[in-house]
file coords.cif (mmCIF, C-alpha atoms)
data_run
#
loop_
_atom_site.label_atom_id
_atom_site.label_comp_id
_atom_site.auth_asym_id
_atom_site.auth_seq_id
_atom_site.Cartn_x
_atom_site.Cartn_y
_atom_site.Cartn_z
CA MET A 1 0.00 0.00 0.00
CA ASN A 2 1.49 3.38 -0.95
CA GLN A 3 1.84 6.20 1.55
CA GLU A 4 -1.10 8.26 0.25
CA ARG A 5 -3.53 5.34 0.61
CA MET A 6 -2.05 4.52 4.00
CA ALA A 7 -2.76 8.07 5.14
CA MET A 8 -6.36 8.01 3.87
CA SER A 9 -7.15 4.55 5.19
CA GLY A 10 -6.05 5.43 8.70
CA LYS A 11 -3.92 2.30 8.89
CA LEU A 12 -2.05 2.18 12.18
CA ILE A 13 1.72 2.43 11.60
CA ASP A 14 4.12 1.00 14.18
CA LEU A 15 6.36 4.09 14.18
CA VAL A 16 6.19 7.49 12.51
CA VAL A 17 9.50 9.36 12.44
CA ILE A 18 9.42 13.13 11.92
CA GLY A 19 12.65 14.19 10.23
CA GLY A 20 14.63 12.48 7.47
CA GLY A 21 18.16 13.37 8.52
CA ILE A 22 20.60 10.66 9.56
CA SER A 23 19.05 10.50 13.05
CA GLY A 24 15.54 9.92 11.71
CA LEU A 25 16.67 7.44 9.07
CA GLY A 26 18.63 5.64 11.77
CA MET A 27 15.53 5.43 13.96
CA ALA A 28 13.54 3.94 11.06
CA HIS A 29 16.39 1.54 10.28
CA PHE A 30 16.48 0.24 13.86
CA ALA A 31 12.69 -0.18 13.80
CA ARG A 32 12.86 -2.15 10.55
CA ASN A 33 15.54 -4.40 12.05
CA ARG A 34 12.96 -5.27 14.73
CA GLY A 35 10.42 -6.23 12.09
CA LEU A 36 8.35 -3.07 12.59
CA GLN A 37 6.83 -0.75 10.01
CA ALA A 38 8.25 2.77 10.12
CA LEU A 39 7.31 5.82 8.05
CA VAL A 40 9.66 8.82 7.82
CA LEU A 41 8.16 12.25 7.14
CA GLU A 42 10.68 14.82 5.87
CA ALA A 43 9.81 18.51 5.45
CA SER A 44 12.30 19.27 2.66
CA ARG A 45 12.58 17.89 -0.86
CA GLN A 46 15.30 15.39 -0.05
CA PRO A 47 16.48 13.47 3.01
CA GLY A 48 19.85 13.76 4.71
CA GLY A 49 19.69 16.87 6.88
CA CYS A 50 23.29 17.90 7.55
CA LEU A 51 24.49 15.14 5.20
CA ARG A 52 24.06 16.94 1.92
CA SER A 53 26.24 16.64 -1.19
CA HIS A 54 25.88 18.66 -4.37
CA CYS A 55 26.88 17.41 -7.83
CA PHE A 56 28.19 19.99 -10.29
CA GLU A 57 27.40 18.70 -13.79
CA ARG A 58 30.37 19.02 -16.16
CA PRO A 59 31.16 17.56 -19.62
CA GLU A 60 33.52 15.03 -18.05
CA GLY A 61 30.87 13.95 -15.54
CA ALA A 62 29.46 15.05 -12.20
CA VAL A 63 31.81 16.54 -9.59
CA TRP A 64 30.45 16.39 -6.06
CA ALA A 65 31.09 18.70 -3.12
CA GLU A 66 29.94 18.46 0.48
CA LEU A 67 27.58 21.15 1.74
CA GLY A 68 27.54 19.94 5.34
CA ALA A 69 29.08 16.90 7.04
CA HIS A 70 32.08 15.73 5.04
CA THR A 71 33.95 12.85 6.69
CA CYS A 72 33.00 9.51 8.21
CA TYR A 73 35.31 7.33 10.31
CA ASN A 74 35.73 3.65 11.10
CA SER A 75 34.61 4.44 14.65
CA TYR A 76 31.09 5.14 13.36
CA GLY A 77 29.76 1.71 14.27
CA ASN A 78 26.05 2.37 13.82
CA LEU A 79 26.61 4.08 10.48
CA LEU A 80 28.75 1.18 9.29
CA GLN A 81 26.01 -1.26 10.29
CA MET A 82 23.53 0.72 8.20
CA LEU A 83 25.94 0.84 5.26
CA GLU A 84 26.61 -2.88 5.56
CA GLN A 85 22.92 -3.76 5.62
CA SER A 86 22.26 -1.50 2.63
CA GLY A 87 25.11 -3.06 0.62
CA GLN A 88 27.40 -0.02 0.59
CA LEU A 89 30.55 -1.17 2.37
CA GLN A 90 32.21 -2.23 -0.88
CA SER A 91 31.78 1.23 -2.41
CA LEU A 92 33.46 3.27 0.34
CA GLN A 93 35.87 5.87 -1.05
CA ALA A 94 39.12 6.41 0.85
CA LYS A 95 40.03 9.97 1.80
CA GLN A 96 43.66 10.87 1.25
CA LYS A 97 45.46 12.60 4.10
CA GLN A 98 45.93 16.27 3.22
CA PRO A 99 47.02 19.17 5.44
CA TYR A 100 44.84 21.87 6.94
CA ARG A 101 45.89 25.48 6.53
CA LEU A 102 45.02 28.76 8.28
CA TRP A 103 43.83 32.00 6.74
CA VAL A 104 45.93 34.54 8.67
CA GLY A 105 46.30 38.22 7.82
CA ASN A 106 45.12 37.77 4.22
CA ALA A 107 47.48 34.86 3.58
CA ILE A 108 47.40 31.08 3.85
CA LYS A 109 49.75 29.81 6.55
CA SER A 110 50.68 26.43 7.96
CA ILE A 111 49.30 25.60 11.39
CA ALA A 112 52.82 24.99 12.71
CA SER A 113 53.77 28.58 11.84
CA GLN A 114 51.38 29.75 14.57
CA PHE A 115 52.73 27.53 17.36
CA ASN A 116 54.14 28.89 20.59
CA TRP A 117 56.55 26.03 21.22
CA LEU A 118 57.20 26.96 24.85
CA GLU A 119 53.50 26.61 25.65
CA LEU A 120 53.36 23.31 23.77
CA SER A 121 56.12 21.81 25.92
CA ALA A 122 53.71 21.58 28.87
CA VAL A 123 50.89 19.89 26.92
CA PRO A 124 51.59 16.24 27.93
CA LEU A 125 51.41 17.02 31.66
CA ARG A 126 48.35 19.28 31.30
CA LEU A 127 46.59 16.65 29.21
CA LEU A 128 47.22 14.03 31.88
CA LEU A 129 45.82 16.24 34.64
CA SER A 130 42.85 17.77 32.80
CA LYS A 131 39.25 16.53 32.90
CA LYS A 132 36.53 17.49 30.40
CA ALA A 133 33.51 17.17 32.68
CA GLY A 134 31.76 20.47 33.38
CA ARG A 135 34.22 22.57 31.38
CA SER A 136 33.83 24.66 28.26
CA VAL A 137 35.90 24.17 25.11
CA ARG A 138 37.88 27.35 25.83
CA ASP A 139 38.53 26.39 29.45
CA TYR A 140 39.50 22.78 28.77
CA PHE A 141 41.40 22.95 25.48
CA GLY A 142 42.83 26.40 26.19
CA GLY A 143 44.11 25.14 29.53
CA ILE A 144 45.91 22.27 27.83
CA ILE A 145 47.36 23.97 24.77
CA GLY A 146 48.04 27.39 26.32
CA ARG A 147 46.41 30.79 25.83
CA HIS A 148 48.55 31.85 22.86
CA ASN A 149 48.13 28.59 20.99
CA TYR A 150 44.40 28.52 21.66
CA GLN A 151 43.90 32.03 20.28
CA ARG A 152 46.26 31.56 17.34
CA PHE A 153 45.17 28.19 15.96
CA LEU A 154 43.26 25.75 18.19
CA GLY A 155 40.32 28.04 18.97
CA PRO A 156 39.71 28.86 15.28
CA ALA A 157 40.18 25.17 14.41
CA LEU A 158 37.48 24.17 16.90
CA ASP A 159 35.22 26.91 15.52
CA ALA A 160 35.74 25.25 12.13
CA VAL A 161 34.85 21.81 13.52
CA ALA A 162 31.65 23.13 15.12
CA CYS A 163 30.83 25.66 12.34
CA GLN A 164 30.10 28.23 15.06
CA PRO A 165 31.97 30.00 17.89
CA ALA A 166 33.10 27.03 19.96
CA ASP A 167 34.44 28.71 23.12
CA ASP A 168 31.34 28.06 25.23
CA ILE A 169 30.45 24.60 23.91
CA PRO A 170 30.78 21.81 26.52
CA ALA A 171 34.16 20.16 25.99
CA GLU A 172 32.56 16.73 26.51
CA SER A 173 30.51 17.10 23.32
CA LEU A 174 33.59 17.14 21.04
CA PHE A 175 35.83 14.21 20.09
CA ARG A 176 33.96 11.56 22.05
CA LYS A 177 35.86 8.26 22.01
CA LYS A 178 34.33 5.37 20.09
CA SER A 179 35.49 1.86 19.20
CA ARG A 180 37.03 1.44 15.75
CA ARG A 181 36.45 -1.24 13.13
CA LYS A 182 40.03 -1.65 12.00
CA GLU A 183 39.12 -3.64 8.88
CA ILE A 184 37.36 -0.52 7.54
CA LEU A 185 39.08 2.52 6.01
CA ARG A 186 39.95 4.98 8.77
CA SER A 187 38.18 7.87 7.01
CA TYR A 188 35.90 7.54 4.01
CA THR A 189 33.03 8.94 2.00
CA GLY A 190 30.68 7.66 -0.70
CA PRO A 191 31.01 7.54 -4.51
CA ARG A 192 29.07 10.82 -4.78
CA GLY A 193 29.86 12.14 -1.33
CA VAL A 194 28.01 11.38 1.90
CA GLN A 195 24.70 11.87 0.08
CA SER A 196 25.41 8.44 -1.47
CA PHE A 197 25.00 6.90 1.98
CA ILE A 198 21.63 8.56 2.53
CA ASP A 199 20.36 7.51 -0.90
CA GLY A 200 21.53 3.93 -0.40
CA ILE A 201 20.01 3.63 3.07
CA VAL A 202 16.65 4.86 1.80
CA ALA A 203 16.78 2.65 -1.31
CA ALA A 204 17.34 -0.41 0.87
CA GLY A 205 13.72 -0.28 1.93
CA LEU A 206 12.97 2.65 4.21
CA ASP A 207 9.51 4.17 3.78
CA LEU A 208 10.18 7.89 3.23
CA ARG A 209 7.89 10.73 2.23
CA CYS A 210 9.51 14.10 1.42
CA ASP A 211 7.88 17.55 1.14
CA GLN A 212 5.80 16.64 4.19
CA PRO A 213 6.28 19.22 6.96
CA VAL A 214 4.40 18.15 10.08
CA VAL A 215 2.10 20.85 11.46
CA ARG A 216 0.28 19.05 14.27
CA ILE A 217 0.64 16.09 16.62
CA GLU A 218 -2.24 14.80 18.72
CA GLN A 219 -2.57 11.99 21.23
CA SER A 220 -5.02 9.24 20.29
CA ALA A 221 -6.35 6.07 21.86
CA GLU A 222 -3.96 4.01 19.70
CA GLY A 223 -0.99 6.35 20.10
CA PHE A 224 -0.61 9.46 17.94
CA GLN A 225 -2.19 11.29 15.02
CA VAL A 226 0.30 13.21 12.86
CA GLU A 227 -0.91 15.84 10.40
CA THR A 228 1.17 17.33 7.59
CA ALA A 229 0.83 20.65 5.77
CA ASP A 230 -1.13 19.14 2.87
CA GLY A 231 -3.75 17.73 5.23
CA SER A 232 -2.53 14.13 5.24
CA ARG A 233 -2.99 12.34 8.56
CA PHE A 234 -1.03 9.36 9.82
CA ALA A 235 -1.93 7.15 12.77
CA ALA A 236 1.00 5.72 14.72
CA ARG A 237 1.43 3.53 17.76
CA LYS A 238 4.70 5.27 18.55
CA LEU A 239 6.32 8.51 17.46
CA ALA A 240 9.90 9.74 17.12
CA LEU A 241 10.94 13.35 16.55
CA ALA A 242 14.30 13.65 14.79
CA ILE A 243 14.28 17.39 14.15
CA ALA A 244 15.92 20.51 15.58
CA PRO A 245 15.04 21.23 19.22
CA ASP A 246 13.22 24.49 18.47
CA GLN A 247 11.07 22.71 15.88
CA ALA A 248 10.40 19.80 18.25
CA ALA A 249 9.45 22.21 21.05
CA LYS A 250 6.90 23.91 18.81
CA LEU A 251 5.22 20.61 17.89
CA LEU A 252 5.19 19.40 21.50
CA ARG A 253 4.02 22.62 23.16
CA GLN A 254 0.43 21.41 23.61
CA LEU A 255 1.13 17.68 23.76
CA ARG A 256 4.08 17.64 26.21
CA PRO A 257 4.49 21.19 27.60
CA GLU A 258 7.12 20.36 30.23
CA LEU A 259 9.21 18.49 27.67
CA ALA A 260 8.79 21.33 25.16
CA GLU A 261 10.05 23.83 27.73
CA GLN A 262 13.21 21.84 28.33
CA ILE A 263 14.17 21.25 24.70
CA GLY A 264 13.17 24.78 23.74
CA ALA A 265 16.10 25.99 25.85
CA VAL A 266 18.61 24.40 23.43
CA GLN A 267 20.00 27.12 21.15
CA MET A 268 20.66 26.84 17.43
CA ALA A 269 23.41 28.31 15.24
CA GLU A 270 23.00 29.34 11.60
CA VAL A 271 25.68 28.64 8.99
CA GLU A 272 25.73 30.17 5.50
CA SER A 273 27.59 27.89 3.10
CA LEU A 274 28.73 28.44 -0.48
CA ALA A 275 30.35 25.70 -2.58
CA VAL A 276 32.39 26.60 -5.66
CA LEU A 277 33.87 24.61 -8.54
CA LEU A 278 37.12 25.48 -10.33
CA LYS A 279 39.35 23.97 -12.99
CA ALA A 280 42.29 22.31 -11.24
CA GLU A 281 44.85 24.25 -13.31
CA SER A 282 43.36 27.60 -12.27
CA LEU A 283 44.64 27.15 -8.70
CA SER A 284 48.20 27.43 -7.44
CA LEU A 285 47.09 26.39 -3.94
CA GLU A 286 48.54 23.03 -2.86
CA PRO A 287 46.07 20.19 -2.17
CA VAL A 288 44.50 20.72 1.26
CA ALA A 289 41.89 19.09 3.45
CA GLY A 290 40.57 22.50 4.34
CA ILE A 291 41.32 26.09 5.29
CA ILE A 292 40.55 27.43 8.77
CA GLY A 293 39.28 31.00 8.60
CA ARG A 294 41.01 32.53 11.59
CA ASP A 295 41.08 36.07 10.22
CA GLY A 296 38.20 35.84 7.75
CA ASP A 297 34.42 35.92 7.85
CA PHE A 298 34.25 32.15 7.41
CA TYR A 299 34.73 29.27 9.82
CA SER A 300 36.28 26.94 7.28
CA ALA A 301 36.65 26.04 3.63
CA VAL A 302 36.22 22.29 3.18
CA SER A 303 38.09 20.92 0.17
CA ARG A 304 37.28 18.07 -2.19
CA ASP A 305 41.05 17.44 -2.51
CA PRO A 306 41.14 14.35 -0.20
CA VAL A 307 39.11 12.57 -2.91
CA PRO A 308 40.79 14.22 -5.91
CA ASP A 309 39.14 14.76 -9.27
CA PRO A 310 41.53 14.77 -12.26
CA ASN A 311 40.04 17.93 -13.77
CA TYR A 312 38.39 19.99 -11.05
CA ARG A 313 38.68 21.21 -7.48
CA ALA A 314 35.78 22.15 -5.23
CA PHE A 315 35.60 24.07 -1.95
CA THR A 316 32.71 24.72 0.40
CA PHE A 317 33.08 27.86 2.50
CA HIS A 318 31.08 27.93 5.73
CA PHE A 319 30.50 31.61 6.54
CA HIS A 320 29.63 33.44 9.73
CA PRO A 321 25.90 34.22 9.47
CA GLY A 322 24.64 37.69 8.62
CA VAL A 323 28.05 39.22 7.85
CA LEU A 324 28.60 39.06 4.08
CA ASP A 325 26.11 39.34 1.24
CA ASP A 326 26.38 37.03 -1.77
CA GLU A 327 28.87 39.29 -3.55
CA GLY A 328 30.98 39.64 -0.42
CA LYS A 329 31.17 35.88 -0.04
CA VAL A 330 32.34 35.44 -3.63
CA GLN A 331 34.97 38.14 -3.15
CA GLN A 332 36.29 36.48 0.00
CA ILE A 333 36.42 33.08 -1.72
CA CYS A 334 38.42 34.54 -4.62
CA GLN A 335 40.78 36.27 -2.20
CA VAL A 336 41.42 33.13 -0.16
CA LEU A 337 41.87 30.86 -3.18
CA GLY A 338 43.94 33.44 -5.06
CA VAL A 339 41.82 33.44 -8.21
CA GLU A 340 39.81 35.85 -10.33
CA ARG A 341 36.03 35.64 -10.28
CA ALA A 342 36.01 34.12 -13.79
CA ALA A 343 37.77 31.04 -12.39
CA LEU A 344 34.61 30.09 -10.48
CA LEU A 345 32.85 27.80 -12.94
CA ASP A 346 29.81 27.13 -10.79
CA GLN A 347 28.52 27.69 -7.28
CA VAL A 348 25.70 26.62 -4.99
CA ALA A 349 24.52 28.11 -1.70
CA HIS A 350 23.18 26.15 1.25
CA GLN A 351 21.86 27.06 4.69
CA ASN A 352 22.74 24.83 7.64
CA ARG A 353 21.40 24.88 11.21
CA LEU A 354 23.35 23.26 14.02
CA PRO A 355 22.80 22.98 17.78
CA ALA A 356 24.71 25.50 19.87
CA LEU A 357 25.29 23.47 23.02
CA ARG A 358 26.24 25.22 26.27
CA LEU A 359 27.42 24.22 29.74
CA GLY A 360 24.49 22.72 31.61
CA HIS A 361 23.29 20.91 28.50
CA ALA A 362 23.82 17.51 30.12
CA GLY A 363 21.35 18.52 32.83
CA ILE A 364 18.75 19.43 30.20
CA ILE A 365 19.14 16.03 28.55
CA GLU A 366 18.88 14.25 31.91
CA THR A 367 15.55 16.00 32.49
CA VAL A 368 14.40 15.22 28.94
CA ASP A 369 15.20 11.54 29.41
CA ARG A 370 13.39 11.48 32.75
CA LEU A 371 10.29 12.97 31.13
CA LEU A 372 10.48 10.48 28.25
CA ALA A 373 10.74 7.43 30.51
CA GLY A 374 7.75 5.17 29.91
CA ASP A 375 6.42 7.37 27.09
CA SER A 376 5.62 6.13 23.59
CA LEU A 377 7.44 9.21 22.25
CA ALA A 378 11.14 9.37 21.35
CA LEU A 379 13.50 12.27 20.70
CA THR A 380 16.71 11.99 18.73
CA GLY A 381 19.08 14.20 16.75
CA ASN A 382 22.51 15.81 16.84
CA TRP A 383 21.80 17.80 20.00
CA PHE A 384 22.13 15.20 22.74
CA ALA A 385 25.58 13.88 23.76
CA GLY A 386 27.45 15.23 20.71
CA VAL A 387 27.05 16.59 17.20
CA SER A 388 28.79 13.99 15.02
CA ILE A 389 27.02 11.54 12.72
CA GLU A 390 27.74 8.66 15.09
CA ASP A 391 26.70 10.65 18.16
CA SER A 392 23.34 11.16 16.45
CA LEU A 393 23.00 7.47 15.58
CA GLN A 394 23.97 6.38 19.07
CA ARG A 395 21.08 8.46 20.37
CA SER A 396 18.74 6.91 17.80
CA ALA A 397 19.89 3.41 18.76
CA ALA A 398 19.35 4.12 22.45
CA GLU A 399 15.89 5.59 21.85
CA ALA A 400 14.94 2.66 19.61
CA ALA A 401 15.95 0.24 22.36
CA ARG A 402 13.88 2.18 24.93
CA LEU A 403 10.84 2.74 22.72
CA LEU A 404 10.72 -0.47 20.71
CA GLY A 405 12.41 -3.00 22.96
#

call {"tool": "encode", "arguments": {"input": "coords.cif", "output": "structure tokens"}}
result
Amino acid sequence: MNQERMAMSGKLIDLVVIGGGISGLGMAHFARNRGLQALVLEASRQPGGCLRSHCFERPEGAVWAELGAHTCYNSYGNLLQMLEQSGQLQSLQAKQKQPYRLWVGNAIKSIASQFNWLELSAVPLRLLLSKKAGRSVRDYFGGIIGRHNYQRFLGPALDAVACQPADDIPAESLFRKKSRRKEILRSYTGPRGVQSFIDGIVAAGLDLRCDQPVVRIEQSAEGFQVETADGSRFAARKLALAIAPDQAAKLLRQLRPELAEQIGAVQMAEVESLAVLLKAESLSLEPVAGIIGRDGDFYSAVSRDPVPDPNYRAFTFHFHPGVLDDEGKVQQICQVLGVERAALLDQVAHQNRLPALRLGHAGIIETVDRLLAGDSLALTGNWFAGVSIEDSLQRSAAEAARLLG
């Protein structure tokens, strides 16, 4: 039965998932592994959320660039399970090791050029004595690496990792240790970027409906009634929200007001991204993994170079929000890459939203989990323990175990 008929017939679905990013797809995947029917409702035209690749069409073939998340690791156990079950492990693309550079005073510099070596000499002892719990990124990492080194390179590098000012983020939410599958490439992507993974996971049998923003959730005798903007209604025994906390709070305001109040306190950060394509010979810049925008109006420029194309190079600049207009962004890109505007063969803009976690966030999540205990409602996303792909999937796996058994 197709989704439209399912909606009209009022058939009771085991699980409706709101949000088709990796967290929501993971939730549906874990439900399917339990033999349950899951339907994913995604507001936008395509799934993936922060996993979004763009393909520039050229005479030689498509050239992809990442608009959001850009690297996966062999420590991403839940992701690898999903890729294995969707038949994608054999198509993983290795990422070559390339250096990162800094944009400093209108020039590209090596990271080592910014080191204060005297401060670095104390790092091993500080690292041994330092604890992450209850400390901000600036307090913890700055205390280890030293004030000069934090200001000159590590602080901007962590801003680039988080795509937002990272000083006040809880240190525990970054670089969380995970077990590695050593038989898998250490870092990898898909044949057409990380979007390949999303497409393959969906094609393996997930029931997904895009262009379906949810406008209302109601409790029912059987579980939940979910209504979308076009008037479709879906009946579900259980419900999972895999969307941004502000969006989840809005949907839950009437249904679960105490829960909505808690998750509504989680802040969000906006990121304005612009990907550009250039002929390889138009650039004198060495191959790089990325450029950290210490002295620019961008957090980072993520390069396609670790998976090189013989004819083209692509860069995605993640800009500070509300600072530069479209023309200003193009000018900064040309300045950083050392090219004239005519060298930019194509470009595509993308807007990202990411959680802006703060100290005390762990307490919010503890309260959220207490309120969810025994409920037929689940919450997942990249705003719980950490912001990585695997952090998101670990949350989905834990919620699936609680909700579905």

call {"tool": "residues_around", "arguments": {"input": "coords.cif", "residues": "region 284-293 of chain A", "least_positions_apart": "2", "cutoff": "7 Å", "atoms": "all atoms listed in the file", "output": "PyMOL selection string"}}
result
chain A and resi 98-103+156-157+160+282+295-303+305-306+337

call {"tool": "write_last_selection", "arguments": {"input": "coords.cif", "atoms": "C-alpha atoms", "output": "PDB file, keeping the file's coordinate frame"}}
result
ATOM      1  CA  GLN A  98      45.930  16.270   3.220  1.00  0.00           C
ATOM      2  CA  PRO A  99      47.020  19.170   5.440  1.00  0.00           C
ATOM      3  CA  TYR A 100      44.840  21.870   6.940  1.00  0.00           C
ATOM      4  CA  ARG A 101      45.890  25.480   6.530  1.00  0.00           C
ATOM      5  CA  LEU A 102      45.020  28.760   8.280  1.00  0.00           C
ATOM      6  CA  TRP A 103      43.830  32.000   6.740  1.00  0.00           C
ATOM      7  CA  PRO A 156      39.710  28.860  15.280  1.00  0.00           C
ATOM      8  CA  ALA A 157      40.180  25.170  14.410  1.00  0.00           C
ATOM      9  CA  ALA A 160      35.740  25.250  12.130  1.00  0.00           C
ATOM     10  CA  SER A 282      43.360  27.600 -12.270  1.00  0.00           C
ATOM     11  CA  ASP A 295      41.080  36.070  10.220  1.00  0.00           C
ATOM     12  CA  GLY A 296      38.200  35.840   7.750  1.00  0.00           C
ATOM     13  CA  ASP A 297      34.420  35.920   7.850  1.00  0.00           C
ATOM     14  CA  PHE A 298      34.250  32.150   7.410  1.00  0.00           C
ATOM     15  CA  TYR A 299      34.730  29.270   9.820  1.00  0.00           C
ATOM     16  CA  SER A 300      36.280  26.940   7.280  1.00  0.00           C
ATOM     17  CA  ALA A 301      36.650  26.040   3.630  1.00  0.00           C
ATOM     18  CA  VAL A 302      36.220  22.290   3.180  1.00  0.00           C
ATOM     19  CA  SER A 303      38.090  20.920   0.170  1.00  0.00           C
ATOM     20  CA  ASP A 305      41.050  17.440  -2.510  1.00  0.00           C
ATOM     21  CA  PRO A 306      41.140  14.350  -0.200  1.00  0.00           C
ATOM     22  CA  LEU A 337      41.870  30.860  -3.180  1.00  0.00           C
TER      23      LEU A 337
END

call {"tool": "closest_residue", "arguments": {"input": "coords.cif", "among": "A:Leu206, A:Glu66, A:Ala235, A:Leu120", "to": "Phe30 (chain A)", "atoms": "only C-alpha atoms"}}
result
A:Leu206

call {"tool": "resolve_selection", "arguments": {"input": "coords.cif", "expression": "the PyMOL selection byres ((chain A and resi 368) around 10)", "output": "ChimeraX atom specification"}}
result
/A:258-263,362-367,369-373,379,384

call {"tool": "write_last_selection", "arguments": {"input": "coords.cif", "atoms": "C-alpha atoms", "output": "PDB file, in the coordinates of the input"}}
result
ATOM      1  CA  GLU A 258       7.120  20.360  30.230  1.00  0.00           C
ATOM      2  CA  LEU A 259       9.210  18.490  27.670  1.00  0.00           C
ATOM      3  CA  ALA A 260       8.790  21.330  25.160  1.00  0.00           C
ATOM      4  CA  GLU A 261      10.050  23.830  27.730  1.00  0.00           C
ATOM      5  CA  GLN A 262      13.210  21.840  28.330  1.00  0.00           C
ATOM      6  CA  ILE A 263      14.170  21.250  24.700  1.00  0.00           C
ATOM      7  CA  ALA A 362      23.820  17.510  30.120  1.00  0.00           C
ATOM      8  CA  GLY A 363      21.350  18.520  32.830  1.00  0.00           C
ATOM      9  CA  ILE A 364      18.750  19.430  30.200  1.00  0.00           C
ATOM     10  CA  ILE A 365      19.140  16.030  28.550  1.00  0.00           C
ATOM     11  CA  GLU A 366      18.880  14.250  31.910  1.00  0.00           C
ATOM     12  CA  THR A 367      15.550  16.000  32.490  1.00  0.00           C
ATOM     13  CA  ASP A 369      15.200  11.540  29.410  1.00  0.00           C
ATOM     14  CA  ARG A 370      13.390  11.480  32.750  1.00  0.00           C
ATOM     15  CA  LEU A 371      10.290  12.970  31.130  1.00  0.00           C
ATOM     16  CA  LEU A 372      10.480  10.480  28.250  1.00  0.00           C
ATOM     17  CA  ALA A 373      10.740   7.430  30.510  1.00  0.00           C
ATOM     18  CA  LEU A 379      13.500  12.270  20.700  1.00  0.00           C
ATOM     19  CA  PHE A 384      22.130  15.200  22.740  1.00  0.00           C
TER      20      PHE A 384
END

call {"tool": "resolve_selection", "arguments": {"input": "coords.cif", "expression": "the PyMOL selection byres ((chain A and resi 351) around 12)", "output": "ChimeraX atom specification"}}
result
/A:49-50,52,67-68,163,269-275,316-322,348-350,352-354

call {"tool": "atom_distance", "arguments": {"input": "coords.cif", "atom1": "CA of Asn116 (chain A)", "atom2": "CA of Arg138 (chain A)"}}
result
17.2 Å

call {"tool": "closest_residue", "arguments": {"input": "coords.cif", "among": "A:Arg58, A:Arg237, A:Arg304, A:Arg176", "to": "Leu12 (chain A)", "atoms": "all atoms listed in the file"}}
result
A:Arg237

call {"tool": "residues_near_point", "arguments": {"input": "coords.cif", "point": "(29.0, 20.6, -9.7)", "cutoff": "12 Å", "atoms": "all atoms listed in the file", "output": "PyMOL selection string"}}
result
chain A and resi 53-67+192-193+275-279+304+309+312-316+344-349

call {"tool": "residues_around", "arguments": {"input": "coords.cif", "residues": "Pro165 (chain A)", "least_positions_apart": "3", "cutoff": "9 Å", "atoms": "all atoms listed in the file", "output": "ChimeraX atom specification"}}
result
/A:155-156,158-160,162,168-169,299,356
